[in-house]
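Participant: Contents of coords.cif (mmCIF, C-alpha atoms and all ligand atoms) are given next:
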```cif
data_run
#
loop_
_atom_site.label_atom_id
_atom_site.label_comp_id
_atom_site.auth_asym_id
_atom_site.auth_seq_id
_atom_site.Cartn_x
_atom_site.Cartn_y
_atom_site.Cartn_z
CA MET A 243 47.18 -24.82 79.11
CA GLN A 244 48.62 -21.50 77.94
CA THR A 245 51.40 -21.67 75.39
CA HIS A 246 53.95 -19.06 74.34
CA PHE A 247 55.19 -20.05 70.92
CA THR A 248 56.11 -17.08 68.74
CA ALA A 249 54.31 -16.39 65.47
CA GLU A 250 57.46 -17.44 63.64
CA GLN A 251 57.65 -20.75 65.54
CA LEU A 252 54.02 -21.44 64.68
CA THR A 253 54.81 -21.39 60.96
CA ASP A 254 56.48 -24.77 61.56
CA PRO A 255 53.67 -27.33 61.04
CA ASP A 256 55.02 -29.60 63.81
CA VAL A 257 55.04 -26.71 66.29
CA ALA A 258 51.51 -25.71 65.23
CA VAL A 259 50.27 -29.24 65.96
CA SER A 260 52.04 -29.38 69.33
CA ASP A 261 50.63 -25.97 70.23
CA ARG A 262 47.07 -27.24 69.61
CA ILE A 263 47.76 -30.38 71.66
CA LEU A 264 49.19 -28.41 74.58
CA ARG A 265 46.27 -25.96 74.59
CA ALA A 266 43.83 -28.87 74.92
CA CYS A 267 45.45 -30.01 78.18
CA VAL A 268 43.74 -28.62 81.30
CA HIS A 269 46.39 -30.17 83.59
CA CYS A 270 43.77 -32.10 85.55
CA GLY A 271 46.17 -35.01 86.12
CA PHE A 272 43.60 -37.79 85.50
CA CYS A 273 46.10 -39.39 83.10
CA THR A 274 48.70 -39.67 85.85
CA ALA A 275 46.66 -42.26 87.71
CA THR A 276 46.79 -44.75 84.83
CA CYS A 277 50.39 -44.17 83.75
CA PRO A 278 52.51 -47.29 84.38
CA THR A 279 55.78 -45.42 84.89
CA TYR A 280 54.19 -43.00 87.37
CA LEU A 281 52.79 -46.00 89.25
CA LEU A 282 56.34 -47.35 89.56
CA THR A 283 58.25 -44.21 90.58
CA GLY A 284 55.60 -41.83 91.96
CA ASP A 285 57.55 -39.01 90.28
CA GLU A 286 55.37 -36.40 88.52
CA LEU A 287 57.99 -36.20 85.76
CA ASP A 288 57.49 -39.92 85.08
CA GLY A 289 53.80 -39.30 84.38
CA PRO A 290 52.14 -37.82 81.28
CA ARG A 291 51.40 -34.41 82.79
CA GLY A 292 55.02 -33.96 83.89
CA ARG A 293 56.26 -35.09 80.49
CA ILE A 294 53.92 -32.67 78.77
CA TYR A 295 55.43 -29.82 80.81
CA LEU A 296 58.97 -30.97 79.97
CA ALA A 297 58.18 -31.19 76.24
CA LYS A 298 56.40 -27.82 76.31
CA ASP A 299 59.33 -26.07 77.95
CA MET A 300 61.87 -27.60 75.56
CA LEU A 301 59.85 -26.90 72.41
CA GLU A 302 58.67 -23.41 73.40
CA LYS A 303 62.18 -22.24 74.21
CA ASN A 304 63.47 -24.13 71.18
CA ARG A 305 66.43 -25.14 73.31
CA PRO A 306 68.53 -28.28 73.02
CA ALA A 307 67.18 -31.16 75.10
CA ASP A 308 68.77 -31.53 78.53
CA ALA A 309 69.56 -34.71 80.43
CA THR A 310 66.49 -34.47 82.72
CA THR A 311 64.06 -34.07 79.85
CA VAL A 312 65.68 -36.92 77.94
CA LYS A 313 65.62 -39.22 80.97
CA HIS A 314 61.91 -38.77 81.64
CA LEU A 315 60.79 -38.82 78.00
CA ASP A 316 62.95 -41.92 77.37
CA ARG A 317 61.19 -43.60 80.28
CA CYS A 318 57.80 -43.14 78.59
CA LEU A 319 56.59 -46.44 77.15
CA THR A 320 54.41 -44.78 74.48
CA CYS A 321 51.74 -47.13 75.82
CA LEU A 322 49.12 -44.37 75.32
CA SER A 323 47.17 -45.33 78.43
CA CYS A 324 47.14 -41.59 79.15
CA MET A 325 45.29 -40.93 75.88
CA THR A 326 42.55 -43.41 76.79
CA THR A 327 42.14 -41.74 80.18
CA CYS A 328 42.34 -38.08 79.13
CA PRO A 329 38.89 -36.45 79.16
CA SER A 330 40.11 -33.55 76.99
CA GLY A 331 41.31 -35.58 74.02
CA VAL A 332 44.97 -34.52 74.35
CA HIS A 333 46.91 -36.26 71.55
CA TYR A 334 49.92 -37.09 73.72
CA MET A 335 51.39 -39.43 71.06
CA HIS A 336 51.91 -36.70 68.46
CA LEU A 337 53.41 -34.35 71.08
CA LEU A 338 55.81 -37.06 72.24
CA ASP A 339 56.78 -37.91 68.64
CA HIS A 340 57.65 -34.25 68.08
CA ALA A 341 59.63 -34.03 71.33
CA ARG A 342 61.57 -37.21 70.49
CA ARG A 343 62.51 -35.88 67.07
CA HIS A 344 63.73 -32.68 68.76
CA ILE A 345 65.79 -34.74 71.23
CA GLU A 346 67.31 -36.75 68.40
CA ARG A 347 68.34 -33.53 66.63
CA THR A 348 69.67 -31.61 69.64
CA TYR A 349 70.97 -34.03 72.26
CA ARG A 350 74.21 -36.00 72.15
CA ARG A 351 73.70 -39.19 74.11
CA PRO A 352 76.54 -40.97 75.94
CA LEU A 353 78.47 -43.36 73.67
CA PRO A 354 76.99 -46.67 74.99
CA ASP A 355 73.50 -45.27 74.50
CA ARG A 356 74.29 -44.15 70.95
CA LEU A 357 75.81 -47.53 70.21
CA ILE A 358 72.86 -49.60 71.38
CA ARG A 359 70.39 -47.34 69.59
CA TRP A 360 72.42 -47.65 66.40
CA VAL A 361 72.44 -51.45 66.71
CA LEU A 362 68.68 -51.53 67.27
CA ALA A 363 67.95 -49.20 64.36
CA THR A 364 70.36 -51.00 62.03
CA VAL A 365 69.40 -54.60 62.81
CA LEU A 366 65.83 -55.00 64.03
CA PRO A 367 63.89 -53.52 61.09
CA TYR A 368 65.59 -55.84 58.59
CA THR A 369 64.46 -59.47 58.70
CA GLY A 370 67.66 -60.90 57.19
CA ARG A 371 69.97 -58.96 59.50
CA PHE A 372 67.84 -59.79 62.53
CA ARG A 373 67.81 -63.50 61.68
CA PHE A 374 71.60 -63.48 61.35
CA ALA A 375 72.02 -61.42 64.56
CA LEU A 376 69.86 -63.86 66.48
CA ARG A 377 71.99 -66.78 65.32
CA ALA A 378 75.15 -64.87 66.24
CA ALA A 379 73.64 -64.03 69.63
CA GLY A 380 73.11 -67.76 70.20
CA TRP A 381 76.85 -68.33 69.68
CA VAL A 382 77.94 -65.70 72.23
CA ARG A 383 75.10 -66.36 74.65
CA PRO A 384 77.23 -68.52 77.00
CA PHE A 385 79.34 -65.39 77.65
CA ARG A 386 76.41 -63.00 78.08
CA ARG A 387 77.27 -62.17 81.68
CA LEU A 388 80.32 -60.34 80.33
CA PHE A 389 78.08 -57.92 78.40
CA PRO A 390 76.48 -54.71 79.70
CA ARG A 391 72.91 -55.17 80.97
CA ARG A 392 71.20 -53.75 77.90
CA LEU A 393 73.20 -55.86 75.44
CA ARG A 394 72.51 -58.86 77.66
CA ASN A 395 68.79 -58.24 77.14
CA LEU A 396 69.30 -58.43 73.41
CA LEU A 397 71.09 -61.74 73.81
CA GLU A 398 68.15 -63.06 75.84
CA LEU A 399 66.17 -63.08 72.58
CA ALA A 400 68.24 -66.10 71.62
CA ASP A 401 67.64 -67.63 75.01
CA GLU A 402 65.52 -70.73 74.58
CA PRO A 403 66.53 -73.62 72.34
CA GLN A 404 62.94 -73.95 71.07
CA ARG A 405 62.98 -70.28 70.09
CA ARG A 406 66.06 -70.87 67.98
CA GLU A 407 64.19 -73.66 66.22
CA ARG A 408 61.49 -71.17 65.39
CA ILE A 409 63.88 -69.04 63.35
CA SER A 410 62.37 -69.46 59.96
CA SER A 411 63.72 -68.93 56.51
CA HIS A 412 60.17 -69.12 55.14
CA PRO A 413 59.18 -66.12 53.09
CA ALA A 414 56.07 -64.35 54.33
CA PRO A 415 53.11 -66.41 53.15
CA SER A 416 50.87 -65.60 50.23
CA ALA A 417 47.85 -67.59 49.14
CA THR A 418 44.68 -67.64 47.11
CA ALA A 419 41.26 -68.51 48.47
CA ALA A 420 38.81 -70.75 46.60
CA ARG A 421 35.82 -68.39 46.95
CA ARG A 422 36.93 -64.84 47.25
CA LEU A 423 35.06 -62.44 49.51
CA LYS A 424 37.88 -59.96 50.01
CA ARG A 425 41.40 -59.34 48.86
CA VAL A 426 43.79 -58.10 51.54
CA ALA A 427 47.51 -57.36 51.82
CA LEU A 428 49.37 -58.66 54.86
CA LEU A 429 52.16 -56.59 56.41
CA PRO A 430 54.89 -59.24 56.76
CA GLY A 431 56.73 -57.25 59.48
CA CYS A 432 60.40 -57.42 60.44
CA VAL A 433 60.98 -59.07 63.83
CA GLN A 434 57.82 -61.17 63.99
CA PRO A 435 58.45 -63.44 60.95
CA VAL A 436 61.79 -64.38 62.50
CA LEU A 437 60.68 -64.93 66.11
CA ARG A 438 57.32 -66.51 65.38
CA PRO A 439 56.52 -67.23 61.71
CA GLN A 440 53.52 -69.29 62.86
CA ILE A 441 51.55 -66.07 63.35
CA ASN A 442 51.44 -65.02 59.71
CA GLU A 443 51.02 -68.63 58.61
CA ALA A 444 47.98 -69.09 60.88
CA THR A 445 46.61 -65.75 59.67
CA VAL A 446 46.74 -66.78 56.02
CA ARG A 447 45.16 -70.19 56.72
CA LEU A 448 42.39 -68.63 58.77
CA LEU A 449 41.58 -65.88 56.27
CA ASN A 450 41.67 -68.32 53.33
CA ARG A 451 39.27 -70.61 55.17
CA TYR A 452 36.77 -67.75 55.22
CA GLY A 453 37.25 -66.72 51.61
CA VAL A 454 39.82 -63.95 51.98
CA ASP A 455 42.60 -63.76 49.43
CA VAL A 456 45.89 -62.75 51.10
CA VAL A 457 48.83 -61.19 49.28
CA VAL A 458 52.16 -59.84 50.44
CA ALA A 459 52.94 -56.82 48.26
CA LYS A 460 56.45 -56.95 46.83
CA GLY A 461 58.71 -54.50 48.64
CA THR A 462 56.90 -54.39 51.99
CA GLY A 463 58.97 -54.80 55.14
CA CYS A 464 59.25 -52.97 58.44
CA CYS A 465 56.54 -50.31 58.92
CA GLY A 466 59.06 -47.87 60.44
CA ALA A 467 57.63 -47.93 63.98
CA LEU A 468 60.82 -49.23 65.62
CA VAL A 469 62.95 -46.32 64.47
CA HIS A 470 60.06 -43.84 64.68
CA HIS A 471 59.94 -44.37 68.45
CA LEU A 472 63.70 -43.81 68.60
CA GLY A 473 63.14 -40.37 67.05
CA ARG A 474 64.91 -41.35 63.80
CA GLU A 475 62.58 -39.57 61.45
CA ALA A 476 64.49 -40.02 58.19
CA SER A 477 64.80 -43.81 58.57
CA ALA A 478 61.19 -44.18 59.70
CA HIS A 479 59.96 -42.19 56.70
CA ALA A 480 62.12 -44.18 54.27
CA GLN A 481 60.76 -47.49 55.58
CA ALA A 482 57.18 -46.23 55.56
CA ARG A 483 57.52 -44.84 52.02
CA ALA A 484 58.72 -48.22 50.71
CA ASP A 485 55.60 -49.86 52.19
CA ILE A 486 53.28 -47.12 50.90
CA ASP A 487 54.73 -47.49 47.39
CA ALA A 488 54.32 -51.28 47.46
CA TRP A 489 50.69 -51.11 48.61
CA THR A 490 49.86 -48.28 46.22
CA ALA A 491 51.06 -50.44 43.31
CA GLU A 492 48.91 -53.30 44.60
CA ILE A 493 45.86 -51.09 45.09
CA GLU A 494 46.18 -49.60 41.62
CA SER A 495 46.79 -52.92 39.85
CA ARG A 496 44.36 -55.40 41.45
CA GLY A 497 42.71 -53.51 44.31
CA LEU A 498 42.76 -54.15 48.06
CA ASP A 499 39.92 -54.27 50.57
CA ALA A 500 42.27 -53.91 53.54
CA ILE A 501 45.88 -53.94 54.67
CA ILE A 502 46.06 -56.23 57.65
CA VAL A 503 48.52 -56.24 60.50
CA THR A 504 49.15 -58.99 63.01
CA ALA A 505 51.49 -56.96 65.26
CA SER A 506 49.39 -54.24 66.82
CA GLY A 507 52.32 -51.87 67.38
CA CYS A 508 52.75 -51.77 63.60
CA GLY A 509 48.98 -51.32 63.13
CA THR A 510 49.04 -48.14 65.21
CA MET A 511 51.86 -46.83 63.03
CA LEU A 512 50.10 -47.63 59.73
CA LYS A 513 46.95 -45.91 60.91
CA ASP A 514 49.06 -42.81 61.58
CA TYR A 515 50.77 -42.66 58.14
CA GLY A 516 48.17 -40.15 56.94
CA PHE A 517 49.15 -37.79 59.76
CA ILE A 518 52.88 -38.43 59.47
CA PHE A 519 52.95 -37.59 55.73
CA ARG A 520 50.32 -34.83 55.84
CA ASN A 521 52.80 -32.20 54.63
CA ASP A 522 54.54 -34.36 52.03
CA ALA A 523 53.10 -33.41 48.64
CA ALA A 524 54.24 -36.66 46.99
CA TYR A 525 52.98 -38.99 49.72
CA ALA A 526 50.11 -37.30 51.59
CA ALA A 527 47.29 -38.78 49.50
CA LYS A 528 48.89 -42.23 49.17
CA ALA A 529 49.65 -42.37 52.90
CA GLU A 530 46.10 -41.34 53.77
CA ARG A 531 44.75 -44.11 51.54
CA VAL A 532 47.01 -46.69 53.21
CA SER A 533 45.90 -45.51 56.67
CA SER A 534 42.25 -45.74 55.67
CA LEU A 535 42.76 -49.38 54.60
CA ALA A 536 44.91 -50.41 57.60
CA ARG A 537 43.19 -52.92 59.91
CA ASP A 538 44.27 -55.04 62.81
CA VAL A 539 43.64 -58.66 61.82
CA SER A 540 40.88 -58.88 64.46
CA GLU A 541 38.90 -56.13 62.68
CA VAL A 542 38.77 -58.14 59.45
CA LEU A 543 38.03 -61.40 61.31
CA ALA A 544 35.09 -59.73 63.07
CA GLU A 545 33.42 -59.28 59.67
CA LEU A 546 33.74 -62.98 58.76
CA HIS A 547 31.36 -64.60 61.30
CA LEU A 548 33.89 -67.08 62.67
CA GLU A 549 32.48 -70.20 64.27
CA ARG A 550 33.97 -73.15 66.11
CA ARG A 551 34.61 -76.14 63.83
CA THR A 552 37.06 -78.08 66.03
CA PRO A 553 36.33 -79.73 69.40
CA LEU A 554 38.38 -77.83 71.96
CA PRO A 555 39.60 -79.04 75.36
CA THR A 556 38.43 -77.08 78.40
CA MET A 557 40.96 -74.29 78.55
CA ARG A 558 41.24 -71.00 80.41
CA VAL A 559 42.63 -68.28 78.16
CA ALA A 560 44.06 -65.09 79.67
CA TYR A 561 43.82 -62.48 76.95
CA HIS A 562 46.51 -59.82 77.31
CA SER A 563 45.32 -56.63 75.63
CA ALA A 564 48.39 -55.00 74.04
CA CYS A 565 48.58 -51.25 74.65
CA SER A 566 48.83 -50.60 70.93
CA LEU A 567 45.49 -52.40 70.49
CA GLN A 568 43.56 -51.07 73.46
CA HIS A 569 45.00 -47.55 73.68
CA GLY A 570 46.54 -47.06 70.23
CA GLN A 571 43.65 -48.44 68.17
CA ASN A 572 40.71 -48.54 70.60
CA LEU A 573 40.26 -52.28 70.01
CA ASP A 574 40.20 -53.47 73.58
CA GLY A 575 37.35 -56.00 73.62
CA LEU A 576 37.33 -57.25 70.03
CA PRO A 577 39.99 -60.02 70.06
CA ALA A 578 38.66 -61.45 73.35
CA ALA A 579 35.13 -61.41 71.89
CA LEU A 580 36.36 -63.42 68.88
CA LEU A 581 37.96 -65.96 71.20
CA ARG A 582 34.71 -66.33 73.16
CA GLN A 583 32.70 -66.57 69.93
CA THR A 584 34.84 -69.54 68.84
CA GLY A 585 34.47 -71.45 72.11
CA PHE A 586 37.35 -70.38 74.36
CA ASN A 587 36.88 -69.64 78.05
CA VAL A 588 38.45 -66.18 78.28
CA VAL A 589 39.24 -65.04 81.82
CA ASP A 590 39.70 -61.38 82.75
CA VAL A 591 43.17 -60.24 83.85
CA PRO A 592 43.43 -57.62 86.64
CA GLU A 593 45.04 -54.26 85.75
CA SER A 594 44.62 -55.10 82.08
CA HIS A 595 45.12 -51.43 81.12
CA LEU A 596 48.78 -51.56 82.26
CA CYS A 597 51.67 -52.13 79.87
CA CYS A 598 53.77 -55.32 80.14
CA GLY A 599 56.97 -53.30 79.60
CA SER A 600 57.70 -54.47 76.07
CA ALA A 601 56.89 -51.26 74.14
CA GLY A 602 59.01 -51.80 71.03
CA THR A 603 62.65 -51.50 72.10
CA TYR A 604 61.80 -50.21 75.60
CA ASN A 605 62.59 -53.51 77.32
CA ILE A 606 66.12 -53.31 75.91
CA LEU A 607 66.69 -49.58 76.52
CA GLU A 608 64.97 -49.35 79.94
CA PRO A 609 65.46 -52.83 81.39
CA GLU A 610 64.81 -51.91 85.05
CA MET A 611 61.36 -50.45 84.55
CA ALA A 612 60.46 -52.97 81.85
CA GLY A 613 61.39 -55.80 84.25
CA GLN A 614 59.21 -54.38 87.02
CA LEU A 615 56.27 -54.01 84.66
CA ARG A 616 56.72 -57.55 83.36
CA ALA A 617 56.75 -58.94 86.91
CA ARG A 618 53.54 -57.05 87.72
CA LYS A 619 51.89 -58.23 84.48
CA VAL A 620 52.89 -61.85 85.05
CA ARG A 621 51.63 -61.69 88.66
CA ASN A 622 48.27 -60.42 87.43
CA ILE A 623 48.01 -63.04 84.69
CA GLU A 624 49.05 -65.94 86.91
CA SER A 625 46.52 -64.84 89.55
CA VAL A 626 43.69 -66.04 87.25
CA HIS A 627 45.36 -69.45 86.64
CA PRO A 628 45.15 -69.61 82.85
CA ASP A 629 46.19 -72.59 80.71
CA VAL A 630 47.36 -70.29 77.94
CA ILE A 631 47.99 -66.58 77.40
CA ALA A 632 46.91 -64.94 74.13
CA ALA A 633 48.00 -61.54 72.81
CA GLY A 634 47.96 -59.69 69.51
CA ASN A 635 51.47 -58.27 69.52
CA ILE A 636 54.80 -60.09 69.16
CA GLY A 637 56.55 -57.66 71.53
CA CYS A 638 54.17 -58.54 74.37
CA LEU A 639 54.47 -62.28 73.66
CA THR A 640 58.27 -62.10 73.86
CA GLN A 641 58.30 -59.88 76.94
CA ILE A 642 55.78 -61.89 79.00
CA ALA A 643 57.36 -65.22 77.97
CA GLU A 644 60.52 -64.20 79.83
CA GLY A 645 58.58 -64.21 83.11
CA THR A 646 56.28 -67.23 83.02
CA ARG A 647 56.09 -70.89 82.08
CA ILE A 648 52.49 -70.57 80.87
CA PRO A 649 52.46 -70.96 77.07
CA LEU A 650 51.88 -67.81 75.03
CA VAL A 651 50.34 -67.67 71.57
CA HIS A 652 49.02 -65.04 69.22
CA THR A 653 45.22 -64.70 69.20
CA VAL A 654 45.03 -65.73 65.52
CA GLU A 655 46.73 -69.04 66.32
CA LEU A 656 43.87 -69.93 68.69
CA LEU A 657 41.25 -68.72 66.20
CA ASP A 658 42.87 -70.76 63.41
CA TRP A 659 42.78 -73.85 65.63
CA ALA A 660 39.15 -73.36 66.67
CA THR A 661 37.96 -72.91 63.11
CA GLY A 662 39.63 -75.99 61.62
CA GLY A 663 43.42 -75.60 61.89
CA SER A 664 45.91 -77.45 64.08
CA PRO A 665 46.58 -76.50 67.69
CA PRO A 666 49.62 -74.26 68.24
CA ALA A 667 52.76 -76.34 68.90
CA GLU A 668 53.03 -75.23 72.56
CA LEU A 669 49.54 -76.49 73.30
CA ARG A 670 49.95 -79.69 71.30
CA ALA A 671 52.78 -80.63 73.66
CA ARG A 672 50.54 -80.02 76.68
CA MET A 673 47.59 -81.93 75.26
CA SER A 674 49.50 -85.12 74.51
S1 LIG B 1 44.21 -36.07 81.58
FE1 LIG B 1 44.46 -34.92 79.66
S2 LIG B 1 43.94 -32.80 80.20
FE2 LIG B 1 44.30 -33.88 82.15
S3 LIG B 1 46.53 -33.53 82.57
FE3 LIG B 1 46.38 -35.47 81.44
S4 LIG B 1 46.67 -34.88 79.30
FE4 LIG B 1 46.17 -32.99 80.41
S1 LIG B 2 52.36 -43.16 77.08
FE1 LIG B 2 52.16 -44.55 78.85
S2 LIG B 2 54.12 -44.36 79.96
FE2 LIG B 2 53.99 -42.61 78.54
S3 LIG B 2 53.08 -40.97 79.75
FE3 LIG B 2 51.37 -42.00 78.69
S4 LIG B 2 50.64 -43.54 80.16
FE4 LIG B 2 52.68 -42.88 80.86
#
```
Now that the file is in, can you turn its structure into structure tokens?
Facilitator:
Amino acid sequence: MQTHFTAEQLTDPDVAVSDRILRACVHCGFCTATCPTYLLTGDELDGPRGRIYLAKDMLEKNRPADATTVKHLDRCLTCLSCMTTCPSGVHYMHLLDHARRHIERTYRRPLPDRLIRWVLATVLPYTGRFRFALRAAGWVRPFRRLFPRRLRNLLELADEPQRRERISSHPAPSATAARRLKRVALLPGCVQPVLRPQINEATVRLLNRYGVDVVVAKGTGCCGALVHHLGREASAHAQARADIDAWTAEIESRGLDAIIVTASGCGTMLKDYGFIFRNDAAYAAKAERVSSLARDVSEVLAELHLERRTPLPTMRVAYHSACSLQHGQNLDGLPAALLRQTGFNVVDVPESHLCCGSAGTYNILEPEMAGQLRARKVRNIESVHPDVIAAGNIGCLTQIAEGTRIPLVHTVELLDWATGGSPPAELRARMS
């Protein structure tokens, strides 16, 4: 694709990167066929190629974002299915990140939109605030029909009584293994320890069982992905820098073999820190080191030769491959392979490349499209009649749970059970 940035524009490192990305695109349109939002609307502007043209026009002319561009770029899930499909290696994610930062700088959104984005950016990345907000949401939940649709979706997070019981005040776990093979740091996360603390707890048990020492570096919290996808660069960088500093201190004091992540959306972000901070003299090297150590939990587990140690009931497991794992980190088959290796009957789900509609805060900001994608995902999963659904991302677990009665668990909870731990609570209830 030809571009027309001026020499002066190209001195901006972000523009230079976007220029290279745009020039790689041959506008073949292969990506359009696998784009979930294009599948829903059939509108070229709701597909990757159309969005690339919109971003190109806005950035080349260096003009403020207009309502049409914002609408279609907002509707993008950042699922990155288009990057998996693209034969030319177009790095759509970095182009979209640049376009979203430009939108955030140049476009004044309507007041309700600004308000909800402010709430999301101010509450979700902070575990304490989110825990309190969830409790408060439980109090006003009986009146949720009085709220606008998007706020109602937030209140749905406090929907089920059993979910409220899961709200944990436990700190993120830390433990020491008896025979140490590796020493890893666990990203505690922000939303996940509140909604489902069992995930990190199962992760620590499982890793300890196989000789991996797990620490939570003091000062780590949200990875910055939530606000990064909202285009809030300064907040995303501040959150990422706090994590980078905490892990750097840990690396330099006692050493780390890996930094592990149990929410794959965060894993994609950590692996991109090196790129994000490439022009920051104080952080470039530290960020690159963090990215080189970042691993999805399944990558570390694959090195540990897991084996089944617990008798398991006959059980069909539908593995939902989160976009951030399959498209963001190219780890499509690995978690399902670990489940099979430890004795689970994993059944294939049709259209597994399609997003469930969660996509960070997408299901709150774009409820119509997110709801349609969830319905399609649930239909596909239920068509294979599983006993349980497993996924490696808290956003997907929460999103799909709204549409089905089939129990959902994180992949590590099943692996912990198979290798000597207890069954996840949802399955215990079904087995008794
Ligand atoms: S598949 Fe790749 S090269 Fe083809 S239009 Fe999409 S982004 Fe461009
Ligand atoms: S990231 Fe996903 S929703 Fe966005 S353009 Fe690519 S395939 Fe479509």
Participant: Ligand LIG 2 (chain B): which residues are within 8 Å, counting all atoms listed in the file? Reply as a list in words.
Facilitator: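 Within the 8 Å cut-off, the matching residues are Cys273, Thr274, Thr276, Cys277, Pro278, Thr279, Tyr280, Asp288, Gly289, Pro290, Arg291, Arg293, Leu315, Arg317, Cys318, Leu319, Thr320, Cys321, Leu322, Ser323, Cys324, Met325, Tyr334, Met335 and Cys597 of chain A.
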Participant: Smallest atom-to-atom distance to A:Leu596: which of A:Ala266, A:Ala275, A:Val559, A:Leu252, using all atoms listed in the file?
Facilitator: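 Closest to A:Leu596 of all the choices is A:Ala275.
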Participant: Residues at most 6 Å from ligand LIG 1 (chain B), using only C-alpha atoms and all ligand atoms? Could they come as an mmCIF file with C-alpha atoms, in the frame of the given file?
Facilitator:
```
data_model
loop_
_atom_site.group_PDB
_atom_site.id
_atom_site.type_symbol
_atom_site.label_atom_id
_atom_site.label_comp_id
_atom_site.auth_asym_id
_atom_site.auth_seq_id
_atom_site.Cartn_x
_atom_site.Cartn_y
_atom_site.Cartn_z
ATOM 1 C CA CYS A 267 45.450 -30.010 78.180
ATOM 2 C CA VAL A 268 43.740 -28.620 81.300
ATOM 3 C CA HIS A 269 46.390 -30.170 83.590
ATOM 4 C CA CYS A 270 43.770 -32.100 85.550
ATOM 5 C CA GLY A 271 46.170 -35.010 86.120
ATOM 6 C CA PHE A 272 43.600 -37.790 85.500
ATOM 7 C CA CYS A 273 46.100 -39.390 83.100
ATOM 8 C CA ARG A 291 51.400 -34.410 82.790
ATOM 9 C CA CYS A 328 42.340 -38.080 79.130
ATOM 10 C CA PRO A 329 38.890 -36.450 79.160
ATOM 11 C CA SER A 330 40.110 -33.550 76.990
ATOM 12 C CA VAL A 332 44.970 -34.520 74.350
#
```
Participant: Excluding A:Glu545 and residues on its chain fewer than 4 positions from it, collect all residues at most 12 Å away from it, counting only C-alpha atoms, and give them as a list of chain:residue names.
Facilitator: A:Leu423, A:Lys424, A:Leu449, A:Tyr452, A:Gly453, A:Val454, A:Arg537, A:Val539, A:Ser540, A:Glu541, A:Glu549, A:Leu576, A:Leu580
Participant: Which polymer residues have any atom within 9 Å of an atom of A:Phe372, counting only C-alpha atoms, with same-chain residues fewer than 6 positions away left out, as a PDB file with C-alpha atoms, in the coordinates of the input?
Facilitator:
```
ATOM      1  CA  VAL A 365      69.400 -54.600  62.810  1.00  0.00           C
ATOM      2  CA  LEU A 366      65.830 -55.000  64.030  1.00  0.00           C
ATOM      3  CA  CYS A 432      60.400 -57.420  60.440  1.00  0.00           C
ATOM      4  CA  VAL A 433      60.980 -59.070  63.830  1.00  0.00           C
ATOM      5  CA  VAL A 436      61.790 -64.380  62.500  1.00  0.00           C
TER       6      VAL A 436
END
```
Participant: Could you jot down the atom CA of A:Thr653 to atom CA of A:Leu437 separation for me, Å, one decimal place?
Facilitator: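 Pair atom CA of A:Thr653 / atom CA of A:Leu437 returns 15.8 Å.
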